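Presented below is the structure to which this report refers.
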Amino acid sequence: MENPVVAGVLVALVVPFLGNTLGAALVLLARRGMSERFTKALLGFAAGVMIAASVWSLIVPALEAAEGGAVPSWLPVGAGFLGGMFLLLAIDHFTPHLHVGSDEPEGPASTLKKPTMMLAALAIHNLPEGMAVGVVLAGFLAGDPTITLASVTALSVGIAIQNVPEGAIVSLPLATNGLSRPRAFLAGTLCVEPLGAAIMVAITGLVTPLLPVVLAFAAGAMMYVVTEELIPQTQQGHHTNIGTIGVAFGFVLMMVLDVALG
């Protein structure tokens with residue numbers, strides 16, 4: 001595509017959504033749910049991708065963008081990272097939701113049905129991913145020299161790859177908790193990633209002066225999801241190291257994508 005701006009917007013907004021849709025489509029093909037070991041491997045893989053994306057796609061560019069400022073580069077990056085962690089902590093605390101594989105809802109007491117609370121958990125998970133892609137895209141659109149179209153592409157593809165197992169992990173349980181398979185597929189494709197990305201792009205003018213903080217903020221939000229949700233779920237039930245192996249492969253894949261493309 002000749003216009004890099006249009007290409008960047010399309011890649012950031014469409015590619016992650018396509019990954020989520022592909023994963024959700026598995027509910028239309030699978031006759032039964034995934035095994036516990038396979039689910040843990042996919043959760044670990046998604047965690048590995050998000051950890052690597054937080055480091056190479058967000059924190060490293062944040063540190064580079066903060067160099068030469070009035071304060072040490074670690075200060076705005078550290079503050080932004082903690083801000084992202086605490087925002088997700090607040091959202092997690094005040095939003096009724098139910099994680100896949102759990103029978104006990106989290107957040108305030110609610111009369112919401114089980115599928116609705118599972119979708120709320122997915123939204124909490126997807127928001128930081130959308131913010132991460134959006135802030136990188138915003139930096140690219142603003143002409144920041146540390147962020148290129150290749151950087152936007154690498155992060156978008158990485159998020160899309162981890163969205164495939166995520167879409168399946170959400171849609172299949174929905175089909176066994178009261179939703180028909182077509183409705184479970186549609187529910188699994190409804191994510192807030194494009195919304196999070198669009199918000200960041202819409203406020204590009206505000207983001208640019210605070211780019212190091214906002215990049216680190218998105219990294220902190222993603223790391224909250226990894227440490228609060230994904231990795232703990234790989235250690236539930238029967239003990240196995242398959243989740244750890246998934247983390248390793250996901251981390252390396254995202255690292256290679258970012259280094260090779262970015």
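Each chain of the structure tokens is named A, B, ... in the order shown, its residues numbered from 1; ligands are numbered from 1 in display order.
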Find the residues around A:Phe45 up to 8 Å (only C-alpha atoms counted), leave out those fewer than 4 positions away in its own chain, and share them as JSON, numbers by chain.
{"A": [41, 49, 162, 243, 245, 246, 247, 248, 249, 250, 251]}
Compile the contact shell of A:Leu211 as a count of residues only: residues with an atom at most 9 Å away, counting only C-alpha atoms, same-chain residues fewer than 3 positions apart removed.
14
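In this model, the gap between atom CA of A:Lys40 and atom CA of A:Val164 comes to 14.1 Å.
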Determine, counting only C-alpha atoms, which protein, DNA and RNA residues have an atom within 7 Å of an atom of A:Met254; residues of the same chain fewer than 5 positions away are not included. Present the result as a list in words.
Val49, Ala52, Ala53 and Gly158 of chain A
Requested write-out: N, CA, C and O atoms of the selected residues, as a PDB file, in the first residue's frame:
ATOM      1  N   VAL A  49       3.820 -13.917  24.520  1.00  0.00           N
ATOM      2  CA  VAL A  49       3.718 -12.870  23.497  1.00  0.00           C
ATOM      3  C   VAL A  49       3.552 -11.500  24.140  1.00  0.00           C
ATOM      4  O   VAL A  49       4.211 -10.530  23.756  1.00  0.00           O
ATOM      5  N   ALA A  52       6.847 -10.243  25.880  1.00  0.00           N
ATOM      6  CA  ALA A  52       7.834  -9.769  24.903  1.00  0.00           C
ATOM      7  C   ALA A  52       7.380  -8.471  24.251  1.00  0.00           C
ATOM      8  O   ALA A  52       8.186  -7.554  24.036  1.00  0.00           O
ATOM      9  N   ALA A  53       6.082  -8.360  23.943  1.00  0.00           N
ATOM     10  CA  ALA A  53       5.562  -7.128  23.342  1.00  0.00           C
ATOM     11  C   ALA A  53       5.721  -5.957  24.306  1.00  0.00           C
ATOM     12  O   ALA A  53       6.040  -4.832  23.889  1.00  0.00           O
ATOM     13  N   GLY A 158       1.875  -9.720  16.227  1.00  0.00           N
ATOM     14  CA  GLY A 158       2.074 -10.465  17.467  1.00  0.00           C
ATOM     15  C   GLY A 158       0.802 -10.556  18.283  1.00  0.00           C
ATOM     16  O   GLY A 158       0.447 -11.641  18.792  1.00  0.00           O
TER      17      GLY A 158
END
With a cut-off of 8 Å, could you pull out the residues of stretch 102-209 of chain A touching stretch 21-38 of chain A and give me the nearest pair of atoms for each, distance in Å to one decimal, using only C-alpha atoms, ordered by chain and ascending number, as a tab-separated table?
residue	atom	partner	partner_atom	distance
A:Asn163	CA	A:Gly23	CA	6.8
A:Val164	CA	A:Gly23	CA	4.0
A:Pro165	CA	A:Gly23	CA	5.6
A:Glu166	CA	A:Gly23	CA	6.7
A:Gly167	CA	A:Gly23	CA	4.3
A:Ala168	CA	A:Gly23	CA	4.6
A:Ile169	CA	A:Met34	CA	7.9
A:Val170	CA	A:Ala24	CA	7.5
A:Ser171	CA	A:Ala24	CA	5.5
A:Leu172	CA	A:Val27	CA	5.3
A:Pro173	CA	A:Gly33	CA	7.0
A:Ala175	CA	A:Val27	CA	7.4
A:Arg181	CA	A:Leu28	CA	6.0
A:Pro182	CA	A:Leu28	CA	6.9
A:Ala184	CA	A:Val27	CA	7.2
A:Phe185	CA	A:Ala24	CA	5.2
A:Leu186	CA	A:Ala24	CA	7.7
A:Gly188	CA	A:Ala24	CA	5.2
A:Thr189	CA	A:Thr21	CA	4.9
Next, write the just-selected residues to a file, as a tab-separated table (two decimals), in the first residue's frame, keeping N, CA and C atoms as the atom set.
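Result file is result.tsv:
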chain	number	residue	atom	x	y	z
A	163	ASN	N	-4.13	-13.58	19.81
A	163	ASN	CA	-5.59	-13.48	19.84
A	163	ASN	C	-6.27	-14.75	19.32
A	164	VAL	N	-5.55	-15.53	18.51
A	164	VAL	CA	-6.15	-16.76	17.97
A	164	VAL	C	-6.47	-17.74	19.10
A	165	PRO	N	-5.49	-18.12	19.93
A	165	PRO	CA	-5.85	-19.00	21.05
A	165	PRO	C	-6.79	-18.33	22.04
A	166	GLU	N	-6.65	-17.02	22.23
A	166	GLU	CA	-7.53	-16.32	23.16
A	166	GLU	C	-8.98	-16.39	22.71
A	167	GLY	N	-9.22	-16.19	21.40
A	167	GLY	CA	-10.58	-16.28	20.89
A	167	GLY	C	-11.18	-17.65	21.09
A	168	ALA	N	-10.36	-18.68	20.90
A	168	ALA	CA	-10.84	-20.05	21.09
A	168	ALA	C	-11.11	-20.34	22.56
A	169	ILE	N	-10.21	-19.89	23.43
A	169	ILE	CA	-10.34	-20.15	24.86
A	169	ILE	C	-11.62	-19.53	25.42
A	170	VAL	N	-12.03	-18.39	24.86
A	170	VAL	CA	-13.24	-17.73	25.33
A	170	VAL	C	-14.50	-18.32	24.69
A	171	SER	N	-14.48	-18.51	23.37
A	171	SER	CA	-15.68	-18.93	22.66
A	171	SER	C	-16.13	-20.33	23.03
A	172	LEU	N	-15.21	-21.27	23.16
A	172	LEU	CA	-15.59	-22.65	23.47
A	172	LEU	C	-16.30	-22.76	24.82
A	173	PRO	N	-15.80	-22.14	25.91
A	173	PRO	CA	-16.55	-22.20	27.17
A	173	PRO	C	-17.91	-21.51	27.09
A	175	ALA	N	-19.89	-21.59	24.64
A	175	ALA	CA	-20.79	-22.53	24.00
A	175	ALA	C	-21.26	-23.62	24.96
A	181	ARG	N	-23.61	-22.11	19.44
A	181	ARG	CA	-22.29	-21.95	18.83
A	181	ARG	C	-22.18	-20.68	17.96
A	182	PRO	N	-23.18	-20.35	17.14
A	182	PRO	CA	-23.08	-19.09	16.39
A	182	PRO	C	-23.00	-17.87	17.29
A	184	ALA	N	-21.87	-17.86	20.39
A	184	ALA	CA	-20.57	-17.90	21.06
A	184	ALA	C	-19.47	-17.37	20.13
A	185	PHE	N	-19.59	-17.69	18.84
A	185	PHE	CA	-18.63	-17.17	17.86
A	185	PHE	C	-18.71	-15.65	17.79
A	186	LEU	N	-19.93	-15.11	17.66
A	186	LEU	CA	-20.10	-13.67	17.58
A	186	LEU	C	-19.61	-12.98	18.85
A	188	GLY	N	-17.32	-14.08	20.87
A	188	GLY	CA	-15.87	-14.18	20.92
A	188	GLY	C	-15.17	-13.17	20.03
A	189	THR	N	-15.86	-12.74	18.96
A	189	THR	CA	-15.25	-11.76	18.06
A	189	THR	C	-15.42	-10.33	18.56
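The list of residues with at least one atom within 7 Å of A:Ser151, based on only C-alpha atoms and without residues fewer than 4 positions apart in the same chain, reads A:Ile147, A:Leu155, A:Asp258, A:Leu261, A:Gly262.
Closest to A:Leu210 among A:Arg183, A:Thr176, A:Thr244, A:Val77 is A:Val77, based on only C-alpha atoms.
Each of A:Leu230, A:Val14, A:Ser57, A:Pro128 was checked against A:Thr148 using only C-alpha atoms; the smallest atom-to-atom distance is that of A:Ser57.
Residues in contact with A:Ala7 at up to 12 Å, not including ones fewer than 6 positions away on its chain and judged by only C-alpha atoms, are Met1, Leu13, Val14, Val15, Leu137, Phe140, Leu141, Thr148, Leu149, Ala150, Val152, Thr153 and Ser156 of chain A.
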With only C-alpha atoms as the basis for distance, which of A:Gly220, A:Gly134, A:Pro212, A:Gly237 is at the shortest distance from A:Leu75?
A:Pro212
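Residues in contact with A:His97 at up to 10 Å, not including ones fewer than 5 positions away on its chain and judged by only C-alpha atoms, are A:Asp92, A:Glu104, A:Pro105, A:Glu106, A:Gly107, A:Pro108, A:Ala109, A:Ser110, A:Leu112, A:Lys113, A:Lys114, A:Pro115, A:Thr116, A:Met117, A:Met118, A:Leu119, A:Ala120, A:Ala121, A:Leu122, A:Ala123, A:Ile124.
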Next, dump the selected residues to file, keeping only all heavy atoms, as a compact mmCIF listing (two decimals), in the first residue's frame.
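Everything below was put into selection.txt:
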# COMPACT_ATOMS: atom_id res chain seq x y z
N ASP A 92 -10.24 -4.12 37.28
CA ASP A 92 -10.44 -5.51 37.69
C ASP A 92 -11.22 -5.58 39.00
O ASP A 92 -12.06 -6.47 39.19
CB ASP A 92 -9.07 -6.18 37.86
CG ASP A 92 -9.18 -7.69 37.98
OD1 ASP A 92 -9.90 -8.30 37.19
OD2 ASP A 92 -8.54 -8.26 38.89
N GLU A 104 -15.92 -18.97 40.33
CA GLU A 104 -16.15 -17.90 41.30
C GLU A 104 -15.93 -16.54 40.66
O GLU A 104 -14.81 -16.20 40.28
CB GLU A 104 -15.21 -18.07 42.49
CG GLU A 104 -15.44 -17.06 43.60
CD GLU A 104 -14.57 -17.31 44.81
OE1 GLU A 104 -13.95 -18.39 44.88
OE2 GLU A 104 -14.49 -16.42 45.67
N PRO A 105 -16.99 -15.73 40.50
CA PRO A 105 -16.83 -14.40 39.89
C PRO A 105 -15.94 -13.50 40.75
O PRO A 105 -15.81 -13.69 41.95
CB PRO A 105 -18.27 -13.87 39.84
CG PRO A 105 -19.14 -15.07 39.97
CD PRO A 105 -18.38 -16.03 40.83
N GLU A 106 -15.34 -12.51 40.09
CA GLU A 106 -14.53 -11.51 40.77
C GLU A 106 -15.19 -10.15 40.63
O GLU A 106 -16.06 -9.95 39.80
CB GLU A 106 -13.11 -11.49 40.20
CG GLU A 106 -12.35 -12.80 40.37
CD GLU A 106 -10.94 -12.72 39.83
OE1 GLU A 106 -10.46 -11.59 39.56
OE2 GLU A 106 -10.32 -13.78 39.66
N GLY A 107 -14.75 -9.22 41.47
CA GLY A 107 -15.33 -7.88 41.45
C GLY A 107 -16.54 -7.81 42.36
O GLY A 107 -16.82 -8.73 43.13
N PRO A 108 -17.29 -6.72 42.29
CA PRO A 108 -18.47 -6.54 43.16
C PRO A 108 -19.55 -7.56 42.84
O PRO A 108 -19.61 -8.11 41.73
CB PRO A 108 -18.93 -5.11 42.85
CG PRO A 108 -18.38 -4.82 41.49
CD PRO A 108 -17.08 -5.56 41.39
N ALA A 109 -20.42 -7.81 43.81
CA ALA A 109 -21.53 -8.74 43.62
C ALA A 109 -22.41 -8.26 42.47
O ALA A 109 -22.65 -7.06 42.30
CB ALA A 109 -22.35 -8.85 44.90
N SER A 110 -22.89 -9.21 41.66
CA SER A 110 -23.66 -8.85 40.48
C SER A 110 -24.67 -9.93 40.16
O SER A 110 -24.48 -11.10 40.50
CB SER A 110 -22.73 -8.63 39.29
OG SER A 110 -23.45 -8.45 38.10
N LEU A 112 -25.40 -10.43 36.97
CA LEU A 112 -25.12 -10.73 35.57
C LEU A 112 -24.99 -12.23 35.36
O LEU A 112 -24.51 -12.96 36.24
CB LEU A 112 -23.82 -10.04 35.14
CG LEU A 112 -23.82 -8.51 35.12
CD1 LEU A 112 -22.43 -7.99 34.78
CD2 LEU A 112 -24.85 -8.00 34.11
N LYS A 113 -25.38 -12.69 34.19
CA LYS A 113 -25.27 -14.11 33.87
C LYS A 113 -23.82 -14.48 33.59
O LYS A 113 -22.99 -13.63 33.28
CB LYS A 113 -26.16 -14.46 32.68
CG LYS A 113 -27.65 -14.28 32.96
CD LYS A 113 -28.48 -14.69 31.75
CE LYS A 113 -29.97 -14.56 32.04
NZ LYS A 113 -30.81 -14.96 30.88
N LYS A 114 -23.55 -15.78 33.68
CA LYS A 114 -22.18 -16.27 33.54
C LYS A 114 -21.54 -15.88 32.21
O LYS A 114 -20.40 -15.38 32.19
CB LYS A 114 -22.18 -17.80 33.71
CG LYS A 114 -20.81 -18.41 33.95
CD LYS A 114 -20.95 -19.88 34.31
CE LYS A 114 -19.59 -20.49 34.63
NZ LYS A 114 -19.70 -21.91 35.00
N PRO A 115 -22.22 -16.07 31.06
CA PRO A 115 -21.59 -15.67 29.80
C PRO A 115 -21.25 -14.18 29.75
O PRO A 115 -20.22 -13.79 29.20
CB PRO A 115 -22.65 -16.03 28.75
CG PRO A 115 -23.45 -17.12 29.37
CD PRO A 115 -23.50 -16.76 30.82
N THR A 116 -22.11 -13.34 30.32
CA THR A 116 -21.86 -11.90 30.32
C THR A 116 -20.61 -11.56 31.13
O THR A 116 -19.79 -10.73 30.70
CB THR A 116 -23.07 -11.14 30.90
OG1 THR A 116 -24.24 -11.47 30.14
CG2 THR A 116 -22.85 -9.64 30.85
N MET A 117 -20.45 -12.21 32.28
CA MET A 117 -19.28 -11.94 33.11
C MET A 117 -18.01 -12.48 32.45
O MET A 117 -16.92 -11.92 32.62
CB MET A 117 -19.48 -12.52 34.50
CG MET A 117 -20.47 -11.73 35.35
SD MET A 117 -20.43 -12.17 37.10
CE MET A 117 -21.15 -13.80 37.03
N MET A 118 -18.13 -13.56 31.68
CA MET A 118 -16.97 -14.07 30.95
C MET A 118 -16.54 -13.09 29.86
O MET A 118 -15.35 -12.88 29.62
CB MET A 118 -17.29 -15.44 30.36
CG MET A 118 -17.48 -16.53 31.40
SD MET A 118 -17.99 -18.12 30.69
CE MET A 118 -16.51 -18.59 29.83
N LEU A 119 -17.53 -12.46 29.22
CA LEU A 119 -17.22 -11.45 28.21
C LEU A 119 -16.59 -10.21 28.86
O LEU A 119 -15.73 -9.57 28.26
CB LEU A 119 -18.48 -11.07 27.45
CG LEU A 119 -19.02 -12.12 26.49
CD1 LEU A 119 -20.35 -11.67 25.89
CD2 LEU A 119 -18.01 -12.41 25.39
N ALA A 120 -17.03 -9.88 30.08
CA ALA A 120 -16.42 -8.75 30.79
C ALA A 120 -14.95 -9.03 31.07
O ALA A 120 -14.10 -8.13 30.96
CB ALA A 120 -17.18 -8.48 32.09
N ALA A 121 -14.64 -10.28 31.44
CA ALA A 121 -13.24 -10.65 31.67
C ALA A 121 -12.43 -10.52 30.39
O ALA A 121 -11.28 -10.07 30.40
CB ALA A 121 -13.16 -12.08 32.21
N LEU A 122 -13.03 -10.91 29.26
CA LEU A 122 -12.35 -10.78 27.97
C LEU A 122 -12.09 -9.31 27.64
O LEU A 122 -11.01 -8.95 27.13
CB LEU A 122 -13.19 -11.42 26.87
CG LEU A 122 -12.64 -11.27 25.44
CD1 LEU A 122 -11.30 -11.97 25.31
CD2 LEU A 122 -13.63 -11.83 24.43
N ALA A 123 -13.07 -8.45 27.94
CA ALA A 123 -12.90 -7.02 27.67
C ALA A 123 -11.76 -6.44 28.49
O ALA A 123 -10.96 -5.64 27.99
CB ALA A 123 -14.20 -6.28 27.97
N ILE A 124 -11.66 -6.84 29.77
CA ILE A 124 -10.57 -6.37 30.63
C ILE A 124 -9.23 -6.81 30.04
O ILE A 124 -8.25 -6.07 30.07
CB ILE A 124 -10.74 -6.91 32.06
CG1 ILE A 124 -12.00 -6.30 32.70
CG2 ILE A 124 -9.51 -6.60 32.91
CD1 ILE A 124 -12.34 -6.91 34.04
